[in-house]
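What follows is the content of query_31.cif, which has mmCIF, C-alpha atoms:
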```cif
data_input
#
loop_
_atom_site.group_PDB
_atom_site.id
_atom_site.type_symbol
_atom_site.label_atom_id
_atom_site.label_comp_id
_atom_site.auth_asym_id
_atom_site.auth_seq_id
_atom_site.Cartn_x
_atom_site.Cartn_y
_atom_site.Cartn_z
ATOM 1 C CA MET D 28 22.411 15.647 -5.256
ATOM 2 C CA TYR D 29 19.075 15.512 -3.464
ATOM 3 C CA TYR D 30 16.142 17.700 -4.477
ATOM 4 C CA CYS D 31 13.774 18.468 -1.581
ATOM 5 C CA ILE D 32 10.144 19.539 -1.980
ATOM 6 C CA ILE D 33 8.934 20.943 1.348
ATOM 7 C CA ASN D 34 5.384 21.948 2.223
ATOM 8 C CA PRO D 35 5.836 24.712 4.837
ATOM 9 C CA SER D 36 2.117 24.525 5.746
ATOM 10 C CA ALA D 37 2.263 20.846 6.702
ATOM 11 C CA ARG D 38 1.842 19.771 10.325
ATOM 12 C CA SER D 39 -0.337 22.840 11.068
ATOM 13 C CA GLY D 40 2.212 25.259 9.644
ATOM 14 C CA LYS D 41 5.235 23.631 11.254
ATOM 15 C CA GLY D 42 6.621 22.182 8.027
ATOM 16 C CA LYS D 43 9.228 24.897 7.595
ATOM 17 C CA ASP D 44 10.454 24.587 11.188
ATOM 18 C CA ILE D 45 10.668 20.804 10.880
ATOM 19 C CA TRP D 46 12.756 21.180 7.741
ATOM 20 C CA THR D 47 15.063 23.638 9.495
ATOM 21 C CA GLY D 48 15.662 21.008 12.169
ATOM 22 C CA LEU D 49 16.428 18.341 9.568
ATOM 23 C CA GLU D 50 18.568 20.345 7.160
ATOM 24 C CA TYR D 51 21.691 19.769 9.229
ATOM 25 C CA LYS D 52 21.660 16.135 8.079
ATOM 26 C CA PHE D 53 22.727 17.278 4.631
ATOM 27 C CA ILE D 54 25.117 19.951 5.871
ATOM 28 C CA SER D 55 26.941 17.764 8.385
ATOM 29 C CA ALA D 56 27.338 14.949 5.836
ATOM 30 C CA GLY D 57 28.541 17.336 3.129
ATOM 31 C CA ILE D 58 25.743 16.209 0.791
ATOM 32 C CA GLU D 59 24.684 18.498 -2.023
ATOM 33 C CA TYR D 60 20.978 19.355 -1.924
ATOM 34 C CA THR D 61 18.440 21.792 -3.357
ATOM 35 C CA PRO D 62 15.470 22.647 -1.085
ATOM 36 C CA VAL D 63 12.347 24.365 -2.451
ATOM 37 C CA PHE D 64 9.212 25.304 -0.506
ATOM 38 C CA THR D 65 5.811 24.808 -2.118
ATOM 39 C CA GLU D 66 3.764 27.977 -2.574
ATOM 40 C CA GLY D 67 0.281 26.531 -2.950
ATOM 41 C CA PRO D 68 -1.842 23.814 -4.567
ATOM 42 C CA GLY D 69 -0.227 22.240 -7.615
ATOM 43 C CA HIS D 70 3.246 23.633 -6.970
ATOM 44 C CA ALA D 71 4.749 20.294 -5.908
ATOM 45 C CA SER D 72 3.787 18.836 -9.319
ATOM 46 C CA LYS D 73 5.466 21.700 -11.131
ATOM 47 C CA LEU D 74 8.619 21.359 -9.035
ATOM 48 C CA MET D 75 8.875 17.621 -9.679
ATOM 49 C CA THR D 76 8.481 18.147 -13.428
ATOM 50 C CA GLN D 77 11.050 20.925 -13.347
ATOM 51 C CA PHE D 78 13.610 18.822 -11.475
ATOM 52 C CA ILE D 79 13.247 15.906 -13.903
ATOM 53 C CA THR D 80 13.224 17.852 -17.164
ATOM 54 C CA SER D 81 16.120 20.133 -16.213
ATOM 55 C CA ALA D 82 18.454 17.276 -15.205
ATOM 56 C CA SER D 83 21.052 15.924 -17.624
ATOM 57 C CA GLU D 84 21.106 12.315 -18.821
ATOM 58 C CA GLU D 85 24.101 11.643 -16.564
ATOM 59 C CA GLU D 86 22.096 12.649 -13.458
ATOM 60 C CA TYR D 87 19.257 10.147 -13.918
ATOM 61 C CA PRO D 88 17.733 8.781 -11.832
ATOM 62 C CA ILE D 89 17.480 11.935 -9.738
ATOM 63 C CA LYS D 90 16.576 11.700 -6.045
ATOM 64 C CA VAL D 91 13.657 13.785 -4.802
ATOM 65 C CA ILE D 92 12.605 13.883 -1.133
ATOM 66 C CA VAL D 93 9.076 15.091 -0.394
ATOM 67 C CA LEU D 94 8.331 16.534 3.043
ATOM 68 C CA GLY D 95 4.604 17.068 3.562
ATOM 69 C CA GLY D 96 1.321 15.203 3.769
ATOM 70 C CA ASP D 97 -0.135 12.568 1.462
ATOM 71 C CA GLY D 98 -1.559 15.379 -0.684
ATOM 72 C CA THR D 99 1.889 16.872 -1.260
ATOM 73 C CA LEU D 100 3.249 13.445 -2.166
ATOM 74 C CA ASN D 101 0.322 12.911 -4.546
ATOM 75 C CA GLU D 102 1.088 16.194 -6.292
ATOM 76 C CA ALA D 103 4.746 15.244 -6.595
ATOM 77 C CA ILE D 104 3.884 11.854 -8.118
ATOM 78 C CA ASN D 105 1.619 13.584 -10.643
ATOM 79 C CA GLY D 106 4.545 15.754 -11.678
ATOM 80 C CA ILE D 107 6.673 12.742 -12.676
ATOM 81 C CA THR D 108 7.131 12.721 -16.443
ATOM 82 C CA ASP D 109 9.155 9.493 -16.512
ATOM 83 C CA PHE D 110 9.156 7.095 -13.557
ATOM 84 C CA GLU D 111 12.489 5.623 -14.683
ATOM 85 C CA LYS D 112 14.167 8.982 -14.151
ATOM 86 C CA VAL D 113 13.368 9.544 -10.475
ATOM 87 C CA ILE D 114 13.657 7.864 -7.074
ATOM 88 C CA VAL D 115 11.407 9.351 -4.385
ATOM 89 C CA GLY D 116 11.839 9.708 -0.638
ATOM 90 C CA TYR D 117 8.977 10.685 1.642
ATOM 91 C CA VAL D 118 8.926 12.266 5.104
ATOM 92 C CA PRO D 119 5.253 12.273 6.225
ATOM 93 C CA LEU D 120 4.240 15.546 7.868
ATOM 94 C CA GLY D 121 0.476 15.344 7.310
ATOM 95 C CA SER D 122 -2.462 14.657 9.594
ATOM 96 C CA SER D 123 -3.468 11.336 7.990
ATOM 97 C CA ASN D 124 -0.180 9.867 6.657
ATOM 98 C CA ASP D 125 -1.903 6.792 5.213
ATOM 99 C CA PHE D 126 0.899 6.218 2.712
ATOM 100 C CA SER D 127 3.489 5.632 5.429
ATOM 101 C CA ARG D 128 1.328 3.380 7.663
ATOM 102 C CA ASP D 129 2.283 0.285 5.661
ATOM 103 C CA LEU D 130 5.990 1.090 5.426
ATOM 104 C CA SER D 131 7.235 0.594 9.009
ATOM 105 C CA TYR D 132 8.789 4.048 9.108
ATOM 106 C CA PRO D 133 10.726 5.103 12.229
ATOM 107 C CA LYS D 134 8.814 7.556 14.404
ATOM 108 C CA GLU D 135 11.544 10.201 14.500
ATOM 109 C CA TYR D 136 12.003 12.390 11.426
ATOM 110 C CA ASP D 137 15.763 12.439 11.955
ATOM 111 C CA ASP D 138 15.983 8.655 11.813
ATOM 112 C CA LEU D 139 13.782 8.459 8.738
ATOM 113 C CA LEU D 140 15.704 11.100 6.795
ATOM 114 C CA GLU D 141 18.964 9.402 7.706
ATOM 115 C CA ARG D 142 17.628 6.126 6.322
ATOM 116 C CA ILE D 143 16.485 7.806 3.124
ATOM 117 C CA ILE D 144 19.831 9.509 2.567
ATOM 118 C CA ASP D 145 21.647 6.275 3.357
ATOM 119 C CA GLY D 146 19.781 4.809 0.398
ATOM 120 C CA LYS D 147 20.313 1.149 1.252
ATOM 121 C CA VAL D 148 16.635 0.223 0.860
ATOM 122 C CA ILE D 149 14.773 1.092 -2.336
ATOM 123 C CA ARG D 150 11.313 -0.419 -2.753
ATOM 124 C CA THR D 151 9.258 -0.553 -5.941
ATOM 125 C CA LEU D 152 5.608 0.117 -5.186
ATOM 126 C CA ASP D 153 2.385 0.031 -7.161
ATOM 127 C CA ILE D 154 0.647 3.237 -8.099
ATOM 128 C CA GLY D 155 -2.828 3.811 -9.485
ATOM 129 C CA LYS D 156 -3.855 5.624 -12.643
ATOM 130 C CA LEU D 157 -7.295 7.219 -12.864
ATOM 131 C CA THR D 158 -8.745 8.347 -16.190
ATOM 132 C CA TYR D 159 -11.884 10.446 -16.291
ATOM 133 C CA GLY D 160 -14.390 9.430 -18.948
ATOM 134 C CA SER D 161 -16.236 12.603 -17.996
ATOM 135 C CA MET D 162 -15.635 15.547 -15.709
ATOM 136 C CA THR D 163 -18.679 17.406 -14.493
ATOM 137 C CA LYS D 164 -19.185 20.564 -12.522
ATOM 138 C CA PRO D 165 -19.247 21.453 -9.705
ATOM 139 C CA ILE D 166 -15.499 21.726 -9.438
ATOM 140 C CA SER D 167 -14.045 21.627 -5.927
ATOM 141 C CA ARG D 168 -13.551 25.038 -4.355
ATOM 142 C CA LEU D 169 -9.847 24.264 -4.013
ATOM 143 C CA CYS D 170 -9.354 23.548 -7.706
ATOM 144 C CA LYS D 171 -7.963 26.693 -9.339
ATOM 145 C CA THR D 172 -7.338 25.215 -12.810
ATOM 146 C CA THR D 173 -9.032 22.764 -15.154
ATOM 147 C CA PRO D 174 -8.507 19.274 -13.669
ATOM 148 C CA ASP D 175 -6.262 16.849 -15.533
ATOM 149 C CA LYS D 176 -8.018 14.003 -17.331
ATOM 150 C CA VAL D 177 -5.484 11.545 -15.878
ATOM 151 C CA ARG D 178 -4.413 11.408 -12.232
ATOM 152 C CA TYR D 179 -1.951 9.099 -10.481
ATOM 153 C CA PHE D 180 -2.277 8.037 -6.854
ATOM 154 C CA GLY D 181 -0.173 6.117 -4.358
ATOM 155 C CA VAL D 182 -2.642 5.243 -1.578
ATOM 156 C CA SER D 183 -6.195 4.998 -2.885
ATOM 157 C CA SER D 184 -8.889 6.492 -5.052
ATOM 158 C CA GLY D 185 -12.567 6.583 -4.281
ATOM 159 C CA ILE D 186 -15.885 7.724 -5.705
ATOM 160 C CA GLY D 187 -18.901 8.647 -3.621
ATOM 161 C CA PHE D 188 -19.028 8.994 0.146
ATOM 162 C CA ASP D 189 -15.289 8.778 0.929
ATOM 163 C CA ALA D 190 -14.462 11.375 -1.737
ATOM 164 C CA ALA D 191 -17.187 13.678 -0.406
ATOM 165 C CA VAL D 192 -15.590 13.408 3.038
ATOM 166 C CA CYS D 193 -12.212 14.384 1.560
ATOM 167 C CA GLU D 194 -13.721 17.321 -0.344
ATOM 168 C CA GLU D 195 -15.323 18.755 2.778
ATOM 169 C CA ALA D 196 -12.203 18.153 4.867
ATOM 170 C CA LEU D 197 -10.108 20.115 2.395
ATOM 171 C CA SER D 198 -12.489 22.965 1.605
ATOM 172 C CA SER D 199 -14.484 23.622 4.785
ATOM 173 C CA GLY D 200 -11.649 24.659 7.089
ATOM 174 C CA THR D 201 -12.515 21.893 9.571
ATOM 175 C CA LYS D 202 -9.229 20.120 8.943
ATOM 176 C CA ASN D 203 -7.145 23.249 9.551
ATOM 177 C CA PHE D 204 -9.119 24.073 12.692
ATOM 178 C CA LEU D 205 -8.624 20.609 14.205
ATOM 179 C CA ASN D 206 -4.962 20.555 13.148
ATOM 180 C CA LYS D 207 -4.339 23.758 15.104
ATOM 181 C CA MET D 208 -5.891 22.122 18.155
ATOM 182 C CA GLY D 209 -3.721 19.047 17.695
ATOM 183 C CA LEU D 210 -6.775 16.956 16.785
ATOM 184 C CA GLY D 211 -6.155 16.621 13.047
ATOM 185 C CA LYS D 212 -6.569 12.839 13.106
ATOM 186 C CA LEU D 213 -10.231 13.302 14.090
ATOM 187 C CA THR D 214 -11.009 15.320 10.954
ATOM 188 C CA TYR D 215 -12.141 12.513 8.675
ATOM 189 C CA GLY D 216 -14.065 10.653 11.375
ATOM 190 C CA ILE D 217 -16.125 13.696 12.325
ATOM 191 C CA ILE D 218 -16.863 14.683 8.740
ATOM 192 C CA ALA D 219 -17.596 11.044 7.810
ATOM 193 C CA ILE D 220 -20.474 10.925 10.286
ATOM 194 C CA LYS D 221 -21.865 14.201 8.926
ATOM 195 C CA GLN D 222 -21.582 13.066 5.298
ATOM 196 C CA LEU D 223 -23.076 9.683 6.082
ATOM 197 C CA ILE D 224 -26.298 11.284 7.273
ATOM 198 C CA LYS D 225 -26.840 13.151 4.004
ATOM 199 C CA ALA D 226 -25.093 10.822 1.522
ATOM 200 C CA ASP D 227 -26.953 9.865 -1.646
ATOM 201 C CA LYS D 228 -27.133 6.201 -2.594
ATOM 202 C CA ILE D 229 -27.487 5.897 -6.352
ATOM 203 C CA PRO D 230 -27.116 3.097 -8.947
ATOM 204 C CA CYS D 231 -23.802 2.211 -10.573
ATOM 205 C CA ASP D 232 -22.313 -0.273 -13.021
ATOM 206 C CA ILE D 233 -18.867 -1.804 -12.464
ATOM 207 C CA GLU D 234 -16.780 -3.518 -15.134
ATOM 208 C CA PHE D 235 -13.703 -5.565 -14.180
ATOM 209 C CA GLU D 236 -10.572 -6.419 -16.179
ATOM 210 C CA ASN D 237 -11.896 -9.873 -17.122
ATOM 211 C CA GLY D 238 -15.091 -8.417 -18.564
ATOM 212 C CA LYS D 239 -17.206 -9.302 -15.543
ATOM 213 C CA GLN D 240 -19.887 -6.714 -14.840
ATOM 214 C CA ILE D 241 -22.014 -6.062 -11.794
ATOM 215 C CA HIS D 242 -24.857 -3.623 -11.242
ATOM 216 C CA LEU D 243 -25.676 -2.117 -7.864
ATOM 217 C CA SER D 244 -29.088 -0.534 -7.474
ATOM 218 C CA HIS D 245 -27.646 1.551 -4.640
ATOM 219 C CA PHE D 246 -24.072 2.209 -3.595
ATOM 220 C CA LEU D 247 -22.468 4.513 -1.067
ATOM 221 C CA PHE D 248 -18.851 4.422 -2.203
ATOM 222 C CA ILE D 249 -16.194 2.410 -4.017
ATOM 223 C CA ALA D 250 -12.589 2.653 -2.806
ATOM 224 C CA SER D 251 -9.747 1.316 -4.962
ATOM 225 C CA MET D 252 -7.010 0.619 -2.441
ATOM 226 C CA ILE D 253 -3.269 0.106 -2.946
ATOM 227 C CA HIS D 254 -2.408 0.622 0.719
ATOM 228 C CA ARG D 255 -4.488 -0.716 3.586
ATOM 229 C CA TYR D 256 -5.616 2.632 4.968
ATOM 230 C CA GLU D 257 -7.231 5.835 3.773
ATOM 231 C CA GLY D 258 -8.890 8.837 5.428
ATOM 232 C CA GLY D 259 -6.562 8.944 8.406
ATOM 233 C CA GLY D 260 -6.694 5.298 9.456
ATOM 234 C CA PHE D 261 -9.790 3.628 7.983
ATOM 235 C CA ASN D 262 -8.505 0.091 7.325
ATOM 236 C CA PHE D 263 -10.625 -0.523 4.240
ATOM 237 C CA ALA D 264 -8.199 -3.071 2.722
ATOM 238 C CA PRO D 265 -6.599 -5.112 5.518
ATOM 239 C CA LYS D 266 -4.963 -7.572 3.083
ATOM 240 C CA ALA D 267 -3.761 -5.082 0.478
ATOM 241 C CA SER D 268 -0.339 -5.607 -1.085
ATOM 242 C CA LEU D 269 1.841 -2.714 -2.231
ATOM 243 C CA THR D 270 3.459 -4.726 -5.023
ATOM 244 C CA ASP D 271 0.954 -7.200 -6.513
ATOM 245 C CA GLY D 272 -0.324 -4.945 -9.287
ATOM 246 C CA LYS D 273 -3.912 -5.161 -8.055
ATOM 247 C CA PHE D 274 -6.380 -2.968 -6.229
ATOM 248 C CA ASP D 275 -8.222 -4.228 -3.180
ATOM 249 C CA LEU D 276 -11.717 -2.839 -3.713
ATOM 250 C CA CYS D 277 -13.992 -1.879 -0.855
ATOM 251 C CA ILE D 278 -17.546 -1.458 -2.110
ATOM 252 C CA VAL D 279 -20.379 -0.364 0.140
ATOM 253 C CA GLY D 280 -23.722 -1.083 -1.433
ATOM 254 C CA ASP D 281 -27.282 -0.984 -0.163
ATOM 255 C CA MET D 282 -26.927 -0.434 3.580
ATOM 256 C CA LYS D 283 -29.174 1.523 5.867
ATOM 257 C CA ARG D 284 -27.483 4.593 7.328
ATOM 258 C CA ALA D 285 -27.825 3.299 10.871
ATOM 259 C CA LYS D 286 -26.074 0.069 9.889
ATOM 260 C CA MET D 287 -23.326 1.962 8.096
ATOM 261 C CA MET D 288 -22.889 4.168 11.151
ATOM 262 C CA LEU D 289 -22.308 0.977 13.131
ATOM 263 C CA ALA D 290 -19.947 -0.520 10.526
ATOM 264 C CA LEU D 291 -17.794 2.616 10.201
ATOM 265 C CA PRO D 292 -15.937 2.229 13.537
ATOM 266 C CA PHE D 293 -15.266 -1.421 12.714
ATOM 267 C CA SER D 294 -13.437 -0.299 9.566
ATOM 268 C CA PHE D 295 -10.615 1.091 11.723
ATOM 269 C CA PHE D 296 -9.859 -2.543 12.573
ATOM 270 C CA GLY D 297 -10.590 -3.986 9.124
ATOM 271 C CA LEU D 298 -13.725 -5.757 10.378
ATOM 272 C CA HIS D 299 -16.303 -3.963 8.207
ATOM 273 C CA TYR D 300 -16.621 -6.914 5.792
ATOM 274 C CA TYR D 301 -18.585 -8.802 8.436
ATOM 275 C CA PHE D 302 -21.500 -6.482 7.636
ATOM 276 C CA LYS D 303 -23.879 -7.429 4.834
ATOM 277 C CA GLY D 304 -23.690 -4.880 2.035
ATOM 278 C CA VAL D 305 -19.900 -4.425 2.204
ATOM 279 C CA TYR D 306 -18.088 -6.247 -0.599
ATOM 280 C CA LYS D 307 -14.439 -6.841 -1.498
ATOM 281 C CA TYR D 308 -12.821 -7.634 -4.817
ATOM 282 C CA ARG D 309 -9.272 -7.720 -6.182
ATOM 283 C CA THR D 310 -8.567 -6.464 -9.695
ATOM 284 C CA SER D 311 -5.937 -4.614 -11.724
ATOM 285 C CA ARG D 312 -8.467 -2.580 -13.683
ATOM 286 C CA ILE D 313 -11.973 -1.301 -13.078
ATOM 287 C CA ARG D 314 -14.436 1.011 -14.794
ATOM 288 C CA ILE D 315 -17.184 2.650 -12.744
ATOM 289 C CA LYS D 316 -20.224 4.383 -14.226
ATOM 290 C CA THR D 317 -22.744 6.061 -11.926
ATOM 291 C CA MET D 318 -26.211 7.407 -12.629
ATOM 292 C CA LEU D 319 -25.268 10.852 -11.321
ATOM 293 C CA PRO D 320 -21.872 12.600 -11.099
ATOM 294 C CA MET D 321 -20.173 12.051 -7.736
ATOM 295 C CA TRP D 322 -17.042 13.379 -6.047
ATOM 296 C CA VAL D 323 -13.836 11.498 -6.894
ATOM 297 C CA HIS D 324 -10.625 11.591 -4.852
ATOM 298 C CA THR D 325 -7.044 10.489 -5.469
ATOM 299 C CA ASP D 326 -5.057 10.193 -2.211
ATOM 300 C CA GLY D 327 -7.596 12.478 -0.574
ATOM 301 C CA GLU D 328 -7.203 15.180 -3.244
ATOM 302 C CA VAL D 329 -10.536 16.160 -4.812
ATOM 303 C CA SER D 330 -11.016 18.317 -7.883
ATOM 304 C CA VAL D 331 -14.170 17.308 -9.744
ATOM 305 C CA LYS D 332 -17.304 15.178 -9.900
ATOM 306 C CA SER D 333 -17.638 12.416 -12.489
ATOM 307 C CA ASP D 334 -20.042 9.678 -13.571
ATOM 308 C CA ASP D 335 -17.477 7.640 -15.543
ATOM 309 C CA ILE D 336 -13.977 6.729 -14.313
ATOM 310 C CA THR D 337 -11.442 4.026 -15.173
ATOM 311 C CA LEU D 338 -8.741 2.932 -12.734
ATOM 312 C CA GLU D 339 -5.629 0.870 -13.509
ATOM 313 C CA CYS D 340 -3.038 -0.453 -11.062
ATOM 314 C CA LEU D 341 0.503 0.029 -12.423
ATOM 315 C CA LYS D 342 2.659 -2.677 -10.912
ATOM 316 C CA GLN D 343 5.813 -1.606 -9.052
ATOM 317 C CA LYS D 344 6.010 1.696 -10.916
ATOM 318 C CA LEU D 345 7.267 3.967 -8.132
ATOM 319 C CA ARG D 346 10.781 3.631 -6.720
ATOM 320 C CA LEU D 347 10.856 4.715 -3.090
ATOM 321 C CA MET D 348 13.829 5.275 -0.788
ATOM 322 C CA THR D 349 12.868 3.862 2.612
#
```

Would you mind giving the structure from this file in structure tokens?
Amino acid sequence: MYYCIINPSARSGKGKDIWTGLEYKFISAGIEYTPVFTEGPGHASKLMTQFITSASEEEYPIKVIVLGGDGTLNEAINGITDFEKVIVGYVPLGSSNDFSRDLSYPKEYDDLLERIIDGKVIRTLDIGKLTYGSMTKPISRLCKTTPDKVRYFGVSSGIGFDAAVCEEALSSGTKNFLNKMGLGKLTYGIIAIKQLIKADKIPCDIEFENGKQIHLSHFLFIASMIHRYEGGGFNFAPKASLTDGKFDLCIVGDMKRAKMMLALPFSFFGLHYYFKGVYKYRTSRIRIKTMLPMWVHTDGEVSVKSDDITLECLKQKLRLMT
């Protein structure tokens, strides 16, 4: 039995049609499956929880295939009540698809789904766990309920500039507009330039797992990376490992806006660390406290501002059919 969570709005509203073209894989192979379409924000989490809790002990681990963007996958991961009871498959239908960039997926959906169903390759990947020490209004316009104090993520989490870019991309309508024009991959780059012009640079304190502490009098953003890419192709962590149990941190400190504007294109190629003011660290745990509340994202999903967050990398927690 395969459970399928499908976002019909993915790929500029083509998610349902793409699923219709793929469904024959199950029918022709005589494989039992249960497809469910998401109905809005948060629904993928509820479906994942429902699938896991309603299964019998004999069914575990259940197999759940997610068809949608990184946001849909993030929701599904946050609906997992016990990671030992589920194996996940992912067909990326989003505009950024940063999760799949490191996985050498085939380009054709048919080939990918066939590989997932075949089930010969199951990888165990790291995931991140974010705990809010505080959650401060304003809440994102897309957040319809009180945000959870704990959030999991599979790609990255960031506070500051990169999260502000994600918040605007999700809530302003820019992303949907560019998706309809077939230019969805430009969304984050365009908004990044806009946000960079008005971004605040405020002080922060960072505490690492070994007790080491650093203070930055000004910082633009801190990205805790599991995968190499975020924001539709920004290669913030060119040496990131998916299985080492550690984050690759990209920290942008006191840089003039003009210099950051120059460094940003270099980040597509992982060359931004050549610029003074861009720092990298590797750690399994980090606590970040900022002078003022700032937007926080998990896999591009933004719900709230915070001035105190703790992030932990959970080693090889997620089982993925690839």

Item to check | Å distance separating atom CA of Gly69 of chain D from atom CA of Lys90 of chain D, one decimal place | outcome: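 These two atoms are separated by 19.9 Å.
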
Checklist entry - Pick the closest to Pro230 of chain D from D:Ala285, D:Val182, D:Leu247, D:Ile144: which is it, counting only C-alpha atoms? => result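 Once distances to Pro230 of chain D are computed over only C-alpha atoms, the minimum belongs to D:Leu247.
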
Next on the checklist: Quick check, in Å to one decimal: how far apart do atom CA of Asp125 of chain D and atom CA of Gly259 of chain D lie?
Outcome noted: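 It comes out at 6.0 Å.
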
Kindly compute an axis-aligned box around the listed atoms of segment 34-44 of chain D, allowing 5 Å on each side, and express its centre and edge lengths in Å to one decimal as AutoDock Vina command-line options.
```
--center_x 5.1 --center_y 22.5 --center_z 6.7 --size_x 20.8 --size_y 15.5 --size_z 19.0
```

Item to check | Nearest candidate to Val93 of chain D (options D:Tyr132, D:Tyr29, D:Arg38, D:Thr108; using all atoms listed in the file) | outcome: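 Among the listed residues, the smallest separation from Val93 of chain D belongs to D:Tyr29.
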
Next on the checklist: To one decimal place in Å, what is the distance between atom CA of Leu291 of chain D and atom CA of Phe261 of chain D?
Outcome noted: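 Answer for the atom CA of Leu291 of chain D to atom CA of Phe261 of chain D separation: 8.4 Å.
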
Next on the checklist: So that I can see what lies close to Tyr136 of chain D, please list as JSON, numbers by chain the residues with an atom at most 9 Å from it, counting only C-alpha atoms and leaving out residues fewer than 6 positions away in the same chain.
Outcome noted: {"D": [45, 49, 118, 119]}

Checklist entry - Taking into account all atoms listed in the file, which residue in the set D:Lys156, D:Arg284, D:Lys147, D:Lys43 is nearest to Lys344 of chain D? => result D:Lys156

Item to check | Nearest candidate to Val305 of chain D (options D:Phe263, D:Lys112, D:Glu102, D:Ser55; using all atoms listed in the file) | outcome: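 Smallest distance to Val305 of chain D is found for D:Phe263.
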
Checklist entry - Taking (-29.8, 2.5, -5.0) in the file's coordinates, which residues come within 7 Å, counting only C-alpha atoms, written as a ChimeraX atom specification? => result /D:228-230,243-246,281

Next on the checklist: So that I can check the surroundings of Ala226 of chain D, please list as a PyMOL selection string every protein, DNA and RNA residue that reaches within 12 Å of it, counting all atoms listed in the file and ignoring chain neighbours fewer than 6 positions away.
Outcome noted: chain D and resi 187-192+218-220+245-248+282-284+287-288+321-322

Next on the checklist: Using the chain letters and numbers from this file, what does the PyMOL selection byres ((chain D and resi 249) around 7) select? Give the answer as a list in words.
Outcome noted: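 Taken over the shown coordinates, the PyMOL selection byres ((chain D and resi 249) around 7) returns Gly185, Ile186, Gly187, Phe248, Ala250, Ser251, Leu276, Cys277, Ile278 and Val279 of chain D.
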
Checklist entry - Mind listing as a list in words all residues within 6 Å of (2.7, 9.6, -5.3), counting only C-alpha atoms? => result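 Checking each residue against the 6 Å limit leaves Leu100, Asn101, Ile104, Phe180 and Gly181 of chain D.
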
Item to check | Best match for closeness to Ser81 of chain D among D:Tyr30, D:Thr349, D:Ile336, D:Tyr256, counting all atoms listed in the file | outcome: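 For Ser81 of chain D, the nearest of the candidates is D:Tyr30.
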
For this structure, which residues satisfy the selection - the PyMOL selection byres ((chain D and resi 274) around 7) - when it is evaluated on the file as given? I want them as a PDB file with C-alpha atoms, in the coordinates of the input.
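expr-v8.pdb written:
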```pdb
ATOM      1  CA  SER D 251      -9.747   1.316  -4.962  1.00  0.00           C
ATOM      2  CA  MET D 252      -7.010   0.619  -2.441  1.00  0.00           C
ATOM      3  CA  ILE D 253      -3.269   0.106  -2.946  1.00  0.00           C
ATOM      4  CA  LYS D 273      -3.912  -5.161  -8.055  1.00  0.00           C
ATOM      5  CA  ASP D 275      -8.222  -4.228  -3.180  1.00  0.00           C
ATOM      6  CA  LEU D 276     -11.717  -2.839  -3.713  1.00  0.00           C
ATOM      7  CA  ARG D 309      -9.272  -7.720  -6.182  1.00  0.00           C
ATOM      8  CA  THR D 310      -8.567  -6.464  -9.695  1.00  0.00           C
ATOM      9  CA  SER D 311      -5.937  -4.614 -11.724  1.00  0.00           C
ATOM     10  CA  CYS D 340      -3.038  -0.453 -11.062  1.00  0.00           C
TER      11      CYS D 340
END
```

Checklist entry - Given the choices D:Ser333, D:Ser39, D:Ser161, D:Thr325, which gets closest to Asp97 of chain D if the distance is worked out from all atoms listed in the file? => result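 Distance minimum relative to Asp97 of chain D lands on D:Thr325.
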
Checklist entry - Which residues fall under the PyMOL selection byres ((chain D and resi 75) around 8) in this file, as a ChimeraX atom specification? => result /D:71-74,76-79,91,103-104,106-107

Saved segment 238-247 of chain D from the preceding structure, N, CA and C atoms, as a compact mmCIF listing (two decimals), in the first residue's frame:
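Final output, decode.txt:
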```txt
# COMPACT_ATOMS: atom_id res chain seq x y z
N GLY D 238 29.65 25.06 23.51
CA GLY D 238 29.66 26.17 24.45
C GLY D 238 30.28 27.45 23.90
N LYS D 239 30.93 27.34 22.74
CA LYS D 239 31.53 28.53 22.13
C LYS D 239 30.45 29.55 21.81
N GLN D 240 30.76 30.82 22.07
CA GLN D 240 29.81 31.89 21.80
C GLN D 240 30.48 32.97 20.96
N ILE D 241 29.73 33.53 20.05
CA ILE D 241 30.22 34.68 19.29
C ILE D 241 29.14 35.76 19.26
N HIS D 242 29.57 36.98 19.23
CA HIS D 242 28.65 38.13 19.15
C HIS D 242 28.93 38.88 17.86
N LEU D 243 27.87 39.17 17.12
CA LEU D 243 27.99 39.98 15.91
C LEU D 243 27.27 41.30 16.14
N SER D 244 27.97 42.39 15.95
CA SER D 244 27.35 43.70 16.16
C SER D 244 26.32 43.99 15.10
N HIS D 245 26.48 43.38 13.93
CA HIS D 245 25.50 43.47 12.85
C HIS D 245 25.47 42.14 12.11
N PHE D 246 24.28 41.67 11.78
CA PHE D 246 24.20 40.49 10.92
C PHE D 246 23.00 40.64 10.00
N LEU D 247 23.12 40.03 8.83
CA LEU D 247 22.04 40.10 7.84
C LEU D 247 21.18 38.85 7.89
```
